[in-house]
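Reviewing the structure listed below.
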Amino acid sequence: MEFAERVHSMTESEIRKGITDAANPDFISLAGGVPDARLFPAAEFRAAYDKVLRDAPGTFLQYGPTEGYGRLREIIAEREQTDVAGILLTSGAQQGLDLLGRLFVDQGSRVLVEDPSYLGALETFRQYGAEFVAVPSDDEGIRVDALEKARFLYTMPNFANPSGRTMSERRRRELVEAARERELVIVEDDAYGDLRYEGEPVPNLSILDPRVIRIGSFSKVLAPGLRVGWIRAEPQVIRKLVHLKERSDLCGAFGAQMAVAEVSAILPTHVKTLIETYRPRRDAMIDALTEFCPQVRWRKPEGGFFVWCELPVDARNLDVKDVAFVRGGKFHATRPRHNTMRLSFAGVEPDRIREAVRRIGEALS
Ligand SMILES: Cc1ncc(COP(=O)(O)O)c(C=O)c1O
């Protein structure tokens with residue numbers, strides 16, 4: 001069997017490995033970046049699926065337009081302060097990344113990324129031949145003076161995966177201004193943006209400049225198994241993406257898109273519940289790191305799922321009994337730094353987080 005070039009160096013996604021660890025009951029897993037399944041609004045989805053299957057079985061079960069279910073596109077367009085023609089529904093944010101990789105990346109195309117960056121994006125862009133340039137950041141976010149010419153810049157301005165970093169408003173304004181001057185495309189991935197535990201919301205890059213291409217998802221605020229995400233872009237970009245999407249799946253899972261449209265009415269209250277659940281977990285992790293891991297450097301995230309840690313040792317040599325975490329090397333697109341790790345607090349109760357971090361501290365001492 002002869003496989004295509006692009007799969008030769010492909011291995012199992014590190015992210016999927018994290019999820020497998022999370023399923024092992026012997027571990028306290030701080031590895032997977034997955035929401036707590038106990039928080040899924042299952043009853044609301046049961047009612048929504050029942051309703052849409054009863055009221056519109058033909059639409060639910062038929063092929064639909066590639067752009068996605070119209071009502072859900074309208075709901076997103078309203079939230080995003082844009083027109084429906086600027087919204088494409090995707091199979092999770094991950095398909096959005098894949099479509100953008102196919103739209104922009106040729107073999108050897110330069111792509112600017114944060115350091116560290118989201119592994120799922122790096123793996124996706126790399127398969128199309130991306131050559132990454134890691135743009136240095138400071139406390140406010142990506143350093144605008146360090147931007148270079150590239151096909152696009154991929155960035156997560158809110159509670160980035162894995163760094164937990166949030167870009168300041170001043171830096172966002174500088175960034176869109178600099179990108180405009182240099183004709184640099186910005187891809188803004190905001191998978192965690194609704195999950196803010198402290199501080200004031202900062203305007204999205206796409207609000208500051210409508211040329212920014214924005215990726216969103218219902219995975220973290222409703223449920224990832226739905227596979228419903230979206231891309232917001234200028235209509236001429238959406239049209240190109242629609243052509244690409246036709247070639248991969250014709251259309252998304254229409255029934256799930258219809259159910260999400262129904263359930264989206266609960267989002268404001270549901271997101272509050274999520275925030276009230278995840279905030280104490282974040283705080284437990286920060287408190288435990290302060291108490292048990294004085295030798296570790298970390299940044300307190302204002303939202304999202306992750307605390308990024310810099311260790312005094314090589315994380316590849318760090319084995320913590322019955323604790324899963326993700327070693328940081330692969331999140332660095334260009335030069336792996338092996339003294340880093342990502343801890344996720346989303347799926348674990350505060351006392352278990354404390355115990356896991358205590359064990360990490362013990363292994364480090
Ligand atoms: C930054 C970021 N973007 C995109 C995704 C993919 O999300 P989805 O489930 O919507 O495909 C994730 C998932 O963890 C993520 O962390």
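We label chains A, B, ... in the order they appear in the structure tokens, count residues from 1 in each chain, and number ligands from 1 in the order shown.
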
Can I get the residues of chain A within 6 Å of ligand 1, each with the closest pair of atoms and their distance in Å to one decimal, using only C-alpha atoms and all ligand atoms, sorted chain first then ascending number, as JSON lines?
```
{"residue": "A:Gly33", "atom": "CA", "partner": "ligand 1", "partner_atom_place_in_ligand_line": "14 (O)", "distance": 5.5}
{"residue": "A:Gly92", "atom": "CA", "partner": "ligand 1", "partner_atom_place_in_ligand_line": "10 (O)", "distance": 3.5}
{"residue": "A:Ala93", "atom": "CA", "partner": "ligand 1", "partner_atom_place_in_ligand_line": "10 (O)", "distance": 3.6}
{"residue": "A:Gln94", "atom": "CA", "partner": "ligand 1", "partner_atom_place_in_ligand_line": "11 (O)", "distance": 3.7}
{"residue": "A:Tyr118", "atom": "CA", "partner": "ligand 1", "partner_atom_place_in_ligand_line": "1 (C)", "distance": 5.5}
{"residue": "A:Asn161", "atom": "CA", "partner": "ligand 1", "partner_atom_place_in_ligand_line": "1 (C)", "distance": 5.1}
{"residue": "A:Asp189", "atom": "CA", "partner": "ligand 1", "partner_atom_place_in_ligand_line": "3 (N)", "distance": 5.9}
{"residue": "A:Ala191", "atom": "CA", "partner": "ligand 1", "partner_atom_place_in_ligand_line": "3 (N)", "distance": 5.1}
{"residue": "A:Ser217", "atom": "CA", "partner": "ligand 1", "partner_atom_place_in_ligand_line": "10 (O)", "distance": 4.5}
{"residue": "A:Ser219", "atom": "CA", "partner": "ligand 1", "partner_atom_place_in_ligand_line": "9 (O)", "distance": 4.7}
{"residue": "A:Pro224", "atom": "CA", "partner": "ligand 1", "partner_atom_place_in_ligand_line": "9 (O)", "distance": 4.9}
{"residue": "A:Gly229", "atom": "CA", "partner": "ligand 1", "partner_atom_place_in_ligand_line": "10 (O)", "distance": 5.3}
```

Can you write just those residues out, N, CA and C atoms, as a PDB file, in the first residue's frame?
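What follows is the written file result_33.pdb:
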```
ATOM      1  N   GLY A  33      -8.061  18.376  27.375  1.00  0.00           N
ATOM      2  CA  GLY A  33      -8.704  19.697  27.392  1.00  0.00           C
ATOM      3  C   GLY A  33     -10.189  19.552  27.115  1.00  0.00           C
ATOM      4  N   GLY A  92     -17.214  21.323  14.237  1.00  0.00           N
ATOM      5  CA  GLY A  92     -16.282  21.745  15.279  1.00  0.00           C
ATOM      6  C   GLY A  92     -15.327  22.803  14.746  1.00  0.00           C
ATOM      7  N   ALA A  93     -14.669  23.486  15.680  1.00  0.00           N
ATOM      8  CA  ALA A  93     -13.646  24.457  15.279  1.00  0.00           C
ATOM      9  C   ALA A  93     -12.530  23.751  14.513  1.00  0.00           C
ATOM     10  N   GLN A  94     -12.336  22.462  14.817  1.00  0.00           N
ATOM     11  CA  GLN A  94     -11.229  21.734  14.186  1.00  0.00           C
ATOM     12  C   GLN A  94     -11.396  21.687  12.668  1.00  0.00           C
ATOM     13  N   TYR A 118      -1.727  26.054  19.907  1.00  0.00           N
ATOM     14  CA  TYR A 118      -2.640  24.902  19.993  1.00  0.00           C
ATOM     15  C   TYR A 118      -2.151  23.773  19.081  1.00  0.00           C
ATOM     16  N   ASN A 161      -4.960  28.156  24.444  1.00  0.00           N
ATOM     17  CA  ASN A 161      -4.565  26.776  24.678  1.00  0.00           C
ATOM     18  C   ASN A 161      -3.186  26.589  24.054  1.00  0.00           C
ATOM     19  N   ASP A 189      -8.802  32.286  16.843  1.00  0.00           N
ATOM     20  CA  ASP A 189      -9.493  31.091  17.342  1.00  0.00           C
ATOM     21  C   ASP A 189      -9.961  31.400  18.761  1.00  0.00           C
ATOM     22  N   ALA A 191     -12.080  29.487  20.924  1.00  0.00           N
ATOM     23  CA  ALA A 191     -12.806  28.313  21.430  1.00  0.00           C
ATOM     24  C   ALA A 191     -13.260  28.481  22.882  1.00  0.00           C
ATOM     25  N   SER A 217     -16.856  27.854  18.432  1.00  0.00           N
ATOM     26  CA  SER A 217     -17.274  26.468  18.676  1.00  0.00           C
ATOM     27  C   SER A 217     -18.301  26.393  19.799  1.00  0.00           C
ATOM     28  N   SER A 219     -18.309  23.530  21.393  1.00  0.00           N
ATOM     29  CA  SER A 219     -17.765  22.373  22.118  1.00  0.00           C
ATOM     30  C   SER A 219     -17.595  22.633  23.602  1.00  0.00           C
ATOM     31  N   PRO A 224     -18.867  18.858  23.055  1.00  0.00           N
ATOM     32  CA  PRO A 224     -18.034  18.642  21.859  1.00  0.00           C
ATOM     33  C   PRO A 224     -18.550  17.534  20.939  1.00  0.00           C
ATOM     34  N   GLY A 229     -19.298  23.926  15.114  1.00  0.00           N
ATOM     35  CA  GLY A 229     -18.482  25.125  15.259  1.00  0.00           C
ATOM     36  C   GLY A 229     -18.790  26.050  14.092  1.00  0.00           C
TER      37      GLY A 229
END
```

For A:Glu355, please output as a PyMOL selection string all residues within 12 Å (counting only C-alpha atoms; exclusion window: fewer than 3 positions along the same chain).
chain A and resi 27-30+284-285+287-289+291-292+320-323+348-352+358-362

Compile a residue-level contact table for stretch 271-294 of chain A against stretch 299-310 of chain A at a cut-off of 8 Å, reporting for every qualifying residue the shortest atom pair and its distance in Å to one decimal, with only C-alpha atoms counted, rows ordered by chain and ascending number, as a tab-separated table.
```
residue	atom	partner	partner_atom	distance
A:Tyr278	CA	A:Phe305	CA	8.0
A:Arg279	CA	A:Gly303	CA	7.9
A:Arg282	CA	A:Phe305	CA	7.8
A:Ile286	CA	A:Lys300	CA	6.8
```

Just the residues within 10 Å of A:Ala48, please, counting only C-alpha atoms, with nothing from its chain fewer than 5 positions along; format it as a list in words.
Ala42, Ala43, Leu53, Arg54, Gly255, Ala256, Met258, Ala259, Val260, Ala261, Glu262 and Val263 of chain A

Selection near A:Glu80, 12 Å with only C-alpha atoms, sequence-local residues under 5 positions removed, as JSON, numbers by chain:
{"A": [73, 74, 75, 86, 87, 190, 203, 204, 205, 206, 207, 208, 210, 213, 214, 215, 216, 230, 231, 232, 233]}

Please produce a file of the residues just selected, as a PDB file, in the first residue's frame, where the atoms kept are C-alpha atoms.
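Final file, part.pdb:
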```pdb
ATOM      1  CA  ARG A  73     -26.224  30.832  11.219  1.00  0.00           C
ATOM      2  CA  GLU A  74     -28.577  33.739  12.008  1.00  0.00           C
ATOM      3  CA  ILE A  75     -28.164  33.238  15.763  1.00  0.00           C
ATOM      4  CA  GLY A  86     -20.331  35.877   6.808  1.00  0.00           C
ATOM      5  CA  ILE A  87     -21.012  32.672   8.782  1.00  0.00           C
ATOM      6  CA  ASP A 190     -11.836  31.803  20.247  1.00  0.00           C
ATOM      7  CA  PRO A 203     -13.197  43.165  22.125  1.00  0.00           C
ATOM      8  CA  ASN A 204     -12.641  40.348  19.638  1.00  0.00           C
ATOM      9  CA  LEU A 205     -10.165  40.982  16.855  1.00  0.00           C
ATOM     10  CA  SER A 206     -12.961  40.474  14.312  1.00  0.00           C
ATOM     11  CA  ILE A 207     -14.952  43.291  15.930  1.00  0.00           C
ATOM     12  CA  LEU A 208     -11.916  45.574  15.638  1.00  0.00           C
ATOM     13  CA  PRO A 210     -13.989  42.621   9.982  1.00  0.00           C
ATOM     14  CA  ILE A 213     -11.188  35.408  10.161  1.00  0.00           C
ATOM     15  CA  ARG A 214     -12.696  34.096  13.356  1.00  0.00           C
ATOM     16  CA  ILE A 215     -13.231  30.506  14.479  1.00  0.00           C
ATOM     17  CA  GLY A 216     -15.772  29.602  17.152  1.00  0.00           C
ATOM     18  CA  TRP A 230     -18.310  28.048  12.838  1.00  0.00           C
ATOM     19  CA  ILE A 231     -16.128  30.395  10.852  1.00  0.00           C
ATOM     20  CA  ARG A 232     -16.883  34.091  10.610  1.00  0.00           C
ATOM     21  CA  ALA A 233     -15.230  35.775   7.635  1.00  0.00           C
TER      22      ALA A 233
END
```

Tell me which protein, DNA and RNA residues are within 8 Å of stretch 102-116 of chain A, counting only C-alpha atoms, leaving out same-chain ones fewer than 2 positions away, and put them as number ranges by chain.
A: 98-100, 118, 125, 128-137, 142, 147-155, 162-163, 240-241, 244, 331-333

Writer output for current selection, C-alpha atoms, as an mmCIF file, in the first residue's frame:
```
data_model
loop_
_atom_site.group_PDB
_atom_site.id
_atom_site.type_symbol
_atom_site.label_atom_id
_atom_site.label_comp_id
_atom_site.auth_asym_id
_atom_site.auth_seq_id
_atom_site.Cartn_x
_atom_site.Cartn_y
_atom_site.Cartn_z
ATOM 1 C CA ASP A 98 -8.578 22.299 8.475
ATOM 2 C CA LEU A 99 -10.512 24.328 5.896
ATOM 3 C CA LEU A 100 -8.331 27.369 6.558
ATOM 4 C CA TYR A 118 -2.640 24.902 19.993
ATOM 5 C CA PHE A 125 -1.500 23.296 9.212
ATOM 6 C CA TYR A 128 -0.486 20.980 4.287
ATOM 7 C CA GLY A 129 3.174 21.991 4.408
ATOM 8 C CA ALA A 130 3.168 25.011 6.765
ATOM 9 C CA GLU A 131 6.548 26.389 7.835
ATOM 10 C CA PHE A 132 5.934 27.949 11.224
ATOM 11 C CA VAL A 133 7.393 31.158 12.540
ATOM 12 C CA ALA A 134 6.933 31.483 16.310
ATOM 13 C CA VAL A 135 6.165 35.098 17.179
ATOM 14 C CA PRO A 136 7.427 36.092 20.635
ATOM 15 C CA SER A 137 4.922 37.401 23.180
ATOM 16 C CA ILE A 142 1.939 38.775 20.615
ATOM 17 C CA LEU A 147 5.486 40.168 12.955
ATOM 18 C CA GLU A 148 6.864 38.862 9.675
ATOM 19 C CA LYS A 149 5.483 38.325 6.202
ATOM 20 C CA ALA A 150 3.368 35.164 6.070
ATOM 21 C CA ARG A 151 0.186 33.653 4.654
ATOM 22 C CA PHE A 152 -1.535 34.287 7.971
ATOM 23 C CA LEU A 153 -1.160 34.673 11.710
ATOM 24 C CA TYR A 154 -2.982 32.111 13.883
ATOM 25 C CA THR A 155 -3.766 33.421 17.348
ATOM 26 C CA PRO A 162 -2.122 25.937 26.192
ATOM 27 C CA SER A 163 -0.643 29.179 27.583
ATOM 28 C CA LYS A 240 -14.162 29.763 -1.032
ATOM 29 C CA LEU A 241 -14.453 27.812 2.214
ATOM 30 C CA LEU A 244 -13.582 23.350 0.053
ATOM 31 C CA PHE A 331 3.103 22.868 21.710
ATOM 32 C CA HIS A 332 6.215 24.742 20.564
ATOM 33 C CA ALA A 333 5.988 24.993 16.782
#
```

Nearest residue to A:Phe40 out of A:Gly225, A:Asp314, A:Val296, A:Phe345, using only C-alpha atoms?
A:Gly225

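When the distance limit is 7 Å and only C-alpha atoms are what count, the residues near stretch 251-254 of chain A, minus those fewer than 2 positions from it on the same chain, are Phe60, Tyr63, Gly64, Pro65, Thr66, Gly68, Tyr69, Thr90, Ser91, Glu246, Asp249, Ala256, Gln257 and Met258 of chain A.
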
Any chance you could list, as a list in words, the residues in stretch 114-266 of chain A that come up strand (DSSP E) when DSSP is run on the backbone?
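Selection result, strand (DSSP E) within stretch 114-266 of chain A: Glu114, Glu131, Phe132, Val133, Ala134, Val135, Ser137, Asp138, Gly141, Ile142, Phe152, Leu153, Tyr154, Thr155, Val185, Ile186, Val187, Glu188, Asp189, Ile213, Arg214, Ile215, Gly216, Ser217, Gly229, Trp230, Ile231 and Arg232 of chain A.
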
Would you output that residue set with N, CA and C atoms, as a PDB file, in the first residue's frame?
```
ATOM      1  N   GLU A 114       1.654  31.749  17.838  1.00  0.00           N
ATOM      2  CA  GLU A 114       2.155  32.057  19.164  1.00  0.00           C
ATOM      3  C   GLU A 114       3.062  30.908  19.617  1.00  0.00           C
ATOM      4  N   GLU A 131       5.276  26.130   7.142  1.00  0.00           N
ATOM      5  CA  GLU A 131       6.548  26.389   7.835  1.00  0.00           C
ATOM      6  C   GLU A 131       6.218  27.411   8.909  1.00  0.00           C
ATOM      7  N   PHE A 132       6.366  27.039  10.162  1.00  0.00           N
ATOM      8  CA  PHE A 132       5.934  27.949  11.224  1.00  0.00           C
ATOM      9  C   PHE A 132       7.004  28.958  11.593  1.00  0.00           C
ATOM     10  N   VAL A 133       6.533  30.142  11.926  1.00  0.00           N
ATOM     11  CA  VAL A 133       7.393  31.158  12.540  1.00  0.00           C
ATOM     12  C   VAL A 133       6.747  31.475  13.888  1.00  0.00           C
ATOM     13  N   ALA A 134       7.480  31.221  14.981  1.00  0.00           N
ATOM     14  CA  ALA A 134       6.933  31.483  16.310  1.00  0.00           C
ATOM     15  C   ALA A 134       7.154  32.949  16.653  1.00  0.00           C
ATOM     16  N   VAL A 135       6.051  33.664  16.868  1.00  0.00           N
ATOM     17  CA  VAL A 135       6.165  35.098  17.179  1.00  0.00           C
ATOM     18  C   VAL A 135       6.274  35.248  18.692  1.00  0.00           C
ATOM     19  N   SER A 137       5.976  36.659  22.475  1.00  0.00           N
ATOM     20  CA  SER A 137       4.922  37.401  23.180  1.00  0.00           C
ATOM     21  C   SER A 137       5.510  38.046  24.416  1.00  0.00           C
ATOM     22  N   ASP A 138       4.832  39.080  24.915  1.00  0.00           N
ATOM     23  CA  ASP A 138       5.136  39.597  26.250  1.00  0.00           C
ATOM     24  C   ASP A 138       3.845  39.530  27.067  1.00  0.00           C
ATOM     25  N   GLY A 141       0.595  40.042  25.137  1.00  0.00           N
ATOM     26  CA  GLY A 141       0.270  39.169  24.009  1.00  0.00           C
ATOM     27  C   GLY A 141       1.353  39.221  22.944  1.00  0.00           C
ATOM     28  N   ILE A 142       0.983  38.822  21.727  1.00  0.00           N
ATOM     29  CA  ILE A 142       1.939  38.775  20.615  1.00  0.00           C
ATOM     30  C   ILE A 142       2.630  40.118  20.416  1.00  0.00           C
ATOM     31  N   PHE A 152      -0.639  33.786   6.935  1.00  0.00           N
ATOM     32  CA  PHE A 152      -1.535  34.287   7.971  1.00  0.00           C
ATOM     33  C   PHE A 152      -0.897  34.128   9.332  1.00  0.00           C
ATOM     34  N   LEU A 153      -1.522  34.815  10.301  1.00  0.00           N
ATOM     35  CA  LEU A 153      -1.160  34.673  11.710  1.00  0.00           C
ATOM     36  C   LEU A 153      -2.297  33.926  12.398  1.00  0.00           C
ATOM     37  N   TYR A 154      -1.976  32.853  13.112  1.00  0.00           N
ATOM     38  CA  TYR A 154      -2.982  32.111  13.883  1.00  0.00           C
ATOM     39  C   TYR A 154      -2.817  32.470  15.347  1.00  0.00           C
ATOM     40  N   THR A 155      -3.902  32.981  15.960  1.00  0.00           N
ATOM     41  CA  THR A 155      -3.766  33.421  17.348  1.00  0.00           C
ATOM     42  C   THR A 155      -5.031  33.123  18.156  1.00  0.00           C
ATOM     43  N   VAL A 185      -3.121  38.361   6.947  1.00  0.00           N
ATOM     44  CA  VAL A 185      -4.410  37.790   7.363  1.00  0.00           C
ATOM     45  C   VAL A 185      -4.287  37.322   8.816  1.00  0.00           C
ATOM     46  N   ILE A 186      -5.313  37.635   9.625  1.00  0.00           N
ATOM     47  CA  ILE A 186      -5.326  37.131  11.003  1.00  0.00           C
ATOM     48  C   ILE A 186      -6.417  36.074  11.122  1.00  0.00           C
ATOM     49  N   VAL A 187      -6.072  34.930  11.702  1.00  0.00           N
ATOM     50  CA  VAL A 187      -7.060  33.911  12.059  1.00  0.00           C
ATOM     51  C   VAL A 187      -7.151  33.889  13.583  1.00  0.00           C
ATOM     52  N   GLU A 188      -8.339  34.228  14.082  1.00  0.00           N
ATOM     53  CA  GLU A 188      -8.572  34.322  15.522  1.00  0.00           C
ATOM     54  C   GLU A 188      -9.376  33.099  15.964  1.00  0.00           C
ATOM     55  N   ASP A 189      -8.802  32.286  16.843  1.00  0.00           N
ATOM     56  CA  ASP A 189      -9.493  31.091  17.342  1.00  0.00           C
ATOM     57  C   ASP A 189      -9.961  31.400  18.761  1.00  0.00           C
ATOM     58  N   ILE A 213     -10.419  36.650  10.287  1.00  0.00           N
ATOM     59  CA  ILE A 213     -11.188  35.408  10.161  1.00  0.00           C
ATOM     60  C   ILE A 213     -11.273  34.784  11.549  1.00  0.00           C
ATOM     61  N   ARG A 214     -12.508  34.508  11.967  1.00  0.00           N
ATOM     62  CA  ARG A 214     -12.696  34.096  13.356  1.00  0.00           C
ATOM     63  C   ARG A 214     -13.291  32.692  13.411  1.00  0.00           C
ATOM     64  N   ILE A 215     -12.744  31.879  14.314  1.00  0.00           N
ATOM     65  CA  ILE A 215     -13.231  30.506  14.479  1.00  0.00           C
ATOM     66  C   ILE A 215     -13.887  30.388  15.847  1.00  0.00           C
ATOM     67  N   GLY A 216     -15.084  29.801  15.877  1.00  0.00           N
ATOM     68  CA  GLY A 216     -15.772  29.602  17.152  1.00  0.00           C
ATOM     69  C   GLY A 216     -16.315  28.187  17.254  1.00  0.00           C
ATOM     70  N   SER A 217     -16.856  27.854  18.432  1.00  0.00           N
ATOM     71  CA  SER A 217     -17.274  26.468  18.676  1.00  0.00           C
ATOM     72  C   SER A 217     -18.301  26.393  19.799  1.00  0.00           C
ATOM     73  N   GLY A 229     -19.298  23.926  15.114  1.00  0.00           N
ATOM     74  CA  GLY A 229     -18.482  25.125  15.259  1.00  0.00           C
ATOM     75  C   GLY A 229     -18.790  26.050  14.092  1.00  0.00           C
ATOM     76  N   TRP A 230     -18.048  27.144  13.954  1.00  0.00           N
ATOM     77  CA  TRP A 230     -18.310  28.048  12.838  1.00  0.00           C
ATOM     78  C   TRP A 230     -17.073  28.861  12.491  1.00  0.00           C
ATOM     79  N   ILE A 231     -17.122  29.407  11.269  1.00  0.00           N
ATOM     80  CA  ILE A 231     -16.128  30.395  10.852  1.00  0.00           C
ATOM     81  C   ILE A 231     -16.879  31.668  10.515  1.00  0.00           C
ATOM     82  N   ARG A 232     -16.357  32.787  11.006  1.00  0.00           N
ATOM     83  CA  ARG A 232     -16.883  34.091  10.610  1.00  0.00           C
ATOM     84  C   ARG A 232     -15.816  34.746   9.733  1.00  0.00           C
TER      85      ARG A 232
END
```

Could you find all residues in stretch 115-271 of chain A that DSSP calls helix (DSSP H, G or I) from the backbone, and write them as a PyMOL selection string?
chain A and resi 119-127+144-146+169-182+205-208+224-226+235-249+254-271

Keeping C-alpha atoms, export the residues of the selection given above as a CSV table (one decimal), in the first residue's frame.
```
chain,number,residue,atom,x,y,z
A,119,LEU,CA,-1.4,21.5,19.0
A,120,GLY,CA,-4.5,20.6,16.9
A,121,ALA,CA,-3.9,23.7,14.8
A,122,LEU,CA,-0.2,23.0,14.4
A,123,GLU,CA,-0.8,19.4,13.4
A,124,THR,CA,-3.4,20.5,10.9
A,125,PHE,CA,-1.5,23.3,9.2
A,126,ARG,CA,1.7,21.2,9.2
A,127,GLN,CA,0.0,18.4,7.1
A,144,VAL,CA,3.6,43.4,17.0
A,145,ASP,CA,7.1,44.5,16.3
A,146,ALA,CA,8.1,40.9,15.7
A,169,GLU,CA,-7.1,45.5,24.3
A,170,ARG,CA,-4.3,47.8,23.5
A,171,ARG,CA,-2.3,45.0,21.9
A,172,ARG,CA,-5.4,43.8,19.9
A,173,ARG,CA,-5.8,47.3,18.5
A,174,GLU,CA,-2.1,47.5,17.6
A,175,LEU,CA,-2.2,44.0,16.1
A,176,VAL,CA,-5.1,44.6,13.7
A,177,GLU,CA,-3.5,48.0,12.7
A,178,ALA,CA,-0.2,46.3,12.0
A,179,ALA,CA,-1.8,43.5,10.1
A,180,ARG,CA,-3.8,45.9,8.0
A,181,GLU,CA,-0.6,47.8,7.1
A,182,ARG,CA,1.3,44.6,6.2
A,205,LEU,CA,-10.2,41.0,16.9
A,206,SER,CA,-13.0,40.5,14.3
A,207,ILE,CA,-15.0,43.3,15.9
A,208,LEU,CA,-11.9,45.6,15.6
A,224,PRO,CA,-18.0,18.6,21.9
A,225,GLY,CA,-19.8,15.5,20.7
A,226,LEU,CA,-22.2,17.7,18.7
A,235,PRO,CA,-18.5,36.7,2.4
A,236,GLN,CA,-15.9,36.2,-0.4
A,237,VAL,CA,-13.7,34.1,2.0
A,238,ILE,CA,-16.8,32.1,3.1
A,239,ARG,CA,-17.6,31.3,-0.5
A,240,LYS,CA,-14.2,29.8,-1.0
A,241,LEU,CA,-14.5,27.8,2.2
A,242,VAL,CA,-17.9,26.5,1.1
A,243,HIS,CA,-16.3,25.0,-2.0
A,244,LEU,CA,-13.6,23.4,0.1
A,245,LYS,CA,-16.1,22.0,2.5
A,246,GLU,CA,-18.3,20.6,-0.3
A,247,ARG,CA,-15.3,18.4,-1.1
A,248,SER,CA,-14.9,17.0,2.4
A,249,ASP,CA,-18.4,16.4,3.7
A,254,PHE,CA,-27.8,19.0,10.1
A,255,GLY,CA,-29.7,17.5,13.0
A,256,ALA,CA,-27.1,18.6,15.5
A,257,GLN,CA,-27.1,22.1,14.1
A,258,MET,CA,-30.9,22.2,14.4
A,259,ALA,CA,-30.7,21.0,18.0
A,260,VAL,CA,-28.1,23.5,18.9
A,261,ALA,CA,-30.3,26.3,17.5
A,262,GLU,CA,-33.0,25.2,19.8
A,263,VAL,CA,-30.8,24.8,22.9
A,264,SER,CA,-28.9,28.0,22.3
A,265,ALA,CA,-31.6,29.9,24.2
A,266,ILE,CA,-30.2,28.5,27.5
A,267,LEU,CA,-26.6,29.6,26.7
A,268,PRO,CA,-26.6,32.8,28.9
A,269,THR,CA,-27.7,30.9,32.1
A,270,HIS,CA,-25.8,27.7,31.2
A,271,VAL,CA,-22.5,29.6,30.6
```

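Interatomic distance, atom CA of A:Arg71 to atom CA of A:Gly96: 19.4 Å.
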
Between atom CA of A:Leu222 and atom CA of A:Pro41, what is the distance in Å, rounded to a tenth?
6.9 Å
